[in-house]
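**Student:** Starting off with a structure, shown below.
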Amino acid sequence: MNRPSEEDAGHLRRTAGALHSFNRFEIKYLLPYGQVPRLREELRSRMKADPYSARGGYPVCSLYYDSASLRYYWEKIEGLRFRRKLRIRNYGERHALSDETPVFIEIKQRVNRVTQKRRVRVPYRLARELCDEGVMIDHERDQRPFLEEVLGLVEGHGLRPTAITAYNREAYLGYDADLGLRVTVDHRVRGRDRDFHLGAEVENRLIIPPGKAVVEIKANERVPYWITDLAARLGMAVVRVSKYCQTVEAFDRAPRSLFHVPVEDDYAVRSKPEGAPAPSLR
């Protein structure tokens with residue numbers, strides 16, 4: 001695989017310093033749906049529900065870009081200290097997406113054990129021009145360096161649309177002593193490896209067992225003890241899973257890795273129809 005050049009690694013180190021306030025530590029868990037109501041009750045007693053979770057959650061759909069050799073996939077699987085992913089992310093129902101709908105172009109990167117995310121909000125049409133066609137777009141001057149970086153990745157790494165992930169998310173925000181803490185619960189995590197328009201009315205395949213949710217705990221500096229204690233009491237299983245990598249493997253585009261969901265769950269994942277009933281998010 002292609003490892004980051006010294007120039008790439010140097011850029012990531014400089015970015016880490018510039019964006020220190022946006023650094024996050026992340027822990028991911030798999031949680032059976034039967035335990036979600038108890039988790040939700042505990043979180044609501046200590047945290048505020050994200051305003052966008054008011055009606056029980058919101059759709060998230062992301063298009064990931066990678067090279068023909070799956071450079072970013074292998075960087076994740078091999079656990080490189082410096083790695084990046086490029087994606088376009090939409091929050092909202094896919095049938096409401098148009099060329100002028102605001103979406104986010106995001107670079108999510110890992111520097112040692114710290115996860116960072118930078119993004120810019122643009123109309124979907126412009127996001128596709130930049131990421132799909134490699135055409136620089138007009139936007140606010142202060143965001144020009146970020147857009148140039150995106151273009152550099154698209155051209156320099158030969159990026160192309162590779163996988164889409166979709167799920168319903170409910171989110172909780174910490175306050176006071178837990179300021180900066182964020183917990184998300186992702187339901188019905190799905191993916192596909194074709195039909196890369198985010199608004200396409202096509203079937204996705206479940207890439208996480210249908211009876212489990214993905215819980216992510218994100219903190220700026222430290223994860224509070226009460227959160228790790230709660231995870232232990234609920235028997236939450238720590239996983240090092242990437243939704244992008246999970247999609248790549250679910251469609252047999254790369255060999256299984258140690259981070260894939262257990263093999264015994266695969267039949268359920270592959271056979272569960274997308275339209276099957278899911279537990280309520282409320």
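How things are named: the first chain in the structure tokens is A, the next is B, and so on; residues count from 1 in each chain; ligands count from 1 in the order shown.
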Near Glu26 (chain A), within 7 Å and counting only C-alpha atoms, which residues show up once chain neighbours fewer than 6 positions away are dropped, as a list of chain:residue names?
**Tutor:** A:Glu216, A:Ile217, A:Lys218, A:Ala219
**Student:** Dump N, CA and C atoms for the selected residues as a PDB file, in the first residue's frame?
**Tutor:**
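Wrote out39.pdb, looks like this:
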```pdb
ATOM      1  N   GLU A 216     -20.801   5.809  20.004  1.00  0.00           N
ATOM      2  CA  GLU A 216     -19.499   6.472  19.963  1.00  0.00           C
ATOM      3  C   GLU A 216     -19.425   7.506  21.077  1.00  0.00           C
ATOM      4  N   ILE A 217     -18.365   7.447  21.853  1.00  0.00           N
ATOM      5  CA  ILE A 217     -18.110   8.416  22.907  1.00  0.00           C
ATOM      6  C   ILE A 217     -16.935   9.275  22.462  1.00  0.00           C
ATOM      7  N   LYS A 218     -17.149  10.588  22.432  1.00  0.00           N
ATOM      8  CA  LYS A 218     -16.133  11.508  21.944  1.00  0.00           C
ATOM      9  C   LYS A 218     -15.894  12.571  23.009  1.00  0.00           C
ATOM     10  N   ALA A 219     -14.636  12.802  23.338  1.00  0.00           N
ATOM     11  CA  ALA A 219     -14.291  13.772  24.378  1.00  0.00           C
ATOM     12  C   ALA A 219     -13.066  14.556  23.953  1.00  0.00           C
TER      13      ALA A 219
END
```
**Student:** Apply DSSP to the structure's backbone, then extract all residues of region 58-274 of chain A labelled strand (DSSP E) and return them as a PDB file with C-alpha atoms, in the first residue's frame.
**Tutor:**
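The file below, out.pdb, is the result:
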```
ATOM      1  CA  TYR A  58     -31.800  12.207  12.231  1.00  0.00           C
ATOM      2  CA  PRO A  59     -30.464  10.562   9.050  1.00  0.00           C
ATOM      3  CA  VAL A  60     -26.754  10.767   8.225  1.00  0.00           C
ATOM      4  CA  CYS A  61     -25.450   9.743   4.805  1.00  0.00           C
ATOM      5  CA  SER A  62     -21.778   9.941   3.804  1.00  0.00           C
ATOM      6  CA  LEU A  63     -19.958   9.345   0.518  1.00  0.00           C
ATOM      7  CA  TYR A  64     -16.336   8.252   1.011  1.00  0.00           C
ATOM      8  CA  TYR A  65     -13.566   8.757  -1.523  1.00  0.00           C
ATOM      9  CA  ASP A  66     -10.561   6.502  -1.970  1.00  0.00           C
ATOM     10  CA  PHE A  82      -1.149   9.666  10.365  1.00  0.00           C
ATOM     11  CA  ARG A  83      -4.116   9.056   8.099  1.00  0.00           C
ATOM     12  CA  ARG A  84      -6.979  10.896   6.445  1.00  0.00           C
ATOM     13  CA  LYS A  85     -10.360  10.249   4.845  1.00  0.00           C
ATOM     14  CA  LEU A  86     -12.308  12.487   2.484  1.00  0.00           C
ATOM     15  CA  ARG A  87     -16.096  12.393   2.440  1.00  0.00           C
ATOM     16  CA  ILE A  88     -19.218  14.345   1.554  1.00  0.00           C
ATOM     17  CA  ARG A  89     -21.832  14.194   4.304  1.00  0.00           C
ATOM     18  CA  ASN A  90     -25.540  15.006   4.198  1.00  0.00           C
ATOM     19  CA  TYR A  91     -27.823  15.357   7.203  1.00  0.00           C
ATOM     20  CA  PRO A 102     -26.107  22.349   1.759  1.00  0.00           C
ATOM     21  CA  VAL A 103     -23.807  19.406   2.514  1.00  0.00           C
ATOM     22  CA  PHE A 104     -20.412  19.135   4.179  1.00  0.00           C
ATOM     23  CA  ILE A 105     -17.099  18.349   2.523  1.00  0.00           C
ATOM     24  CA  GLU A 106     -15.064  16.816   5.324  1.00  0.00           C
ATOM     25  CA  ILE A 107     -11.539  15.662   5.964  1.00  0.00           C
ATOM     26  CA  LYS A 108     -11.437  13.347   8.950  1.00  0.00           C
ATOM     27  CA  GLN A 109      -7.932  12.582  10.067  1.00  0.00           C
ATOM     28  CA  ARG A 110      -6.135  10.699  12.777  1.00  0.00           C
ATOM     29  CA  VAL A 111      -2.927  12.005  14.349  1.00  0.00           C
ATOM     30  CA  VAL A 114      -6.369  11.942  18.340  1.00  0.00           C
ATOM     31  CA  THR A 115      -9.182  12.276  15.809  1.00  0.00           C
ATOM     32  CA  GLN A 116      -9.740  15.595  14.039  1.00  0.00           C
ATOM     33  CA  LYS A 117     -12.450  16.720  11.671  1.00  0.00           C
ATOM     34  CA  ARG A 118     -12.436  19.766   9.425  1.00  0.00           C
ATOM     35  CA  ARG A 119     -15.219  20.658   7.060  1.00  0.00           C
ATOM     36  CA  VAL A 120     -16.851  23.276   4.887  1.00  0.00           C
ATOM     37  CA  ARG A 121     -20.548  23.657   4.017  1.00  0.00           C
ATOM     38  CA  VAL A 122     -21.369  24.028   0.322  1.00  0.00           C
ATOM     39  CA  PRO A 123     -24.253  23.207  -2.059  1.00  0.00           C
ATOM     40  CA  ARG A 160     -12.955   8.473  -6.642  1.00  0.00           C
ATOM     41  CA  PRO A 161     -16.342   7.712  -5.029  1.00  0.00           C
ATOM     42  CA  THR A 162     -15.927   4.357  -3.269  1.00  0.00           C
ATOM     43  CA  ALA A 163     -18.591   3.695  -0.629  1.00  0.00           C
ATOM     44  CA  ILE A 164     -21.672   5.198   0.962  1.00  0.00           C
ATOM     45  CA  THR A 165     -22.709   4.730   4.571  1.00  0.00           C
ATOM     46  CA  ALA A 166     -26.089   5.653   6.057  1.00  0.00           C
ATOM     47  CA  TYR A 167     -27.676   5.405   9.485  1.00  0.00           C
ATOM     48  CA  ASN A 168     -30.060   7.124  11.892  1.00  0.00           C
ATOM     49  CA  ARG A 169     -28.288   8.989  14.695  1.00  0.00           C
ATOM     50  CA  GLU A 170     -29.310  10.305  18.082  1.00  0.00           C
ATOM     51  CA  ALA A 171     -26.781  12.471  19.886  1.00  0.00           C
ATOM     52  CA  TYR A 172     -26.177  13.816  23.392  1.00  0.00           C
ATOM     53  CA  LEU A 173     -23.994  16.735  24.493  1.00  0.00           C
ATOM     54  CA  ARG A 182     -20.518  13.963  22.906  1.00  0.00           C
ATOM     55  CA  VAL A 183     -22.218  10.564  22.737  1.00  0.00           C
ATOM     56  CA  THR A 184     -23.914   9.291  19.584  1.00  0.00           C
ATOM     57  CA  VAL A 185     -26.067   6.221  19.042  1.00  0.00           C
ATOM     58  CA  ASP A 186     -26.256   5.045  15.420  1.00  0.00           C
ATOM     59  CA  HIS A 187     -29.111   2.758  14.383  1.00  0.00           C
ATOM     60  CA  ARG A 188     -29.495   0.571  11.285  1.00  0.00           C
ATOM     61  CA  VAL A 189     -25.996   1.170   9.960  1.00  0.00           C
ATOM     62  CA  ARG A 190     -26.043   0.476   6.221  1.00  0.00           C
ATOM     63  CA  GLY A 191     -23.821   0.860   3.186  1.00  0.00           C
ATOM     64  CA  ARG A 192     -23.400   0.361  -0.555  1.00  0.00           C
ATOM     65  CA  ARG A 205     -27.095  -3.425   2.842  1.00  0.00           C
ATOM     66  CA  LEU A 206     -26.893  -3.577   6.610  1.00  0.00           C
ATOM     67  CA  LYS A 212     -27.023  -3.826  17.462  1.00  0.00           C
ATOM     68  CA  ALA A 213     -26.363  -0.079  17.572  1.00  0.00           C
ATOM     69  CA  VAL A 214     -22.982   1.638  17.292  1.00  0.00           C
ATOM     70  CA  VAL A 215     -22.291   3.911  20.259  1.00  0.00           C
ATOM     71  CA  GLU A 216     -19.499   6.472  19.963  1.00  0.00           C
ATOM     72  CA  ILE A 217     -18.110   8.416  22.907  1.00  0.00           C
ATOM     73  CA  LYS A 218     -16.133  11.508  21.944  1.00  0.00           C
ATOM     74  CA  ALA A 219     -14.291  13.772  24.378  1.00  0.00           C
ATOM     75  CA  ALA A 237     -18.349  -4.267  23.799  1.00  0.00           C
ATOM     76  CA  VAL A 238     -15.495  -2.005  22.677  1.00  0.00           C
ATOM     77  CA  VAL A 239     -14.895  -2.251  18.923  1.00  0.00           C
TER      78      VAL A 239
END
```
**Student:** Write out as a PyMOL selection string all residues of region 18-239 of chain A that DSSP puts in helix (DSSP H, G or I) for this structure's backbone.
**Tutor:** chain A and resi 18+20-22+33-46+51-53+71-77+94-96+124-133+141-156+176-178+225-233
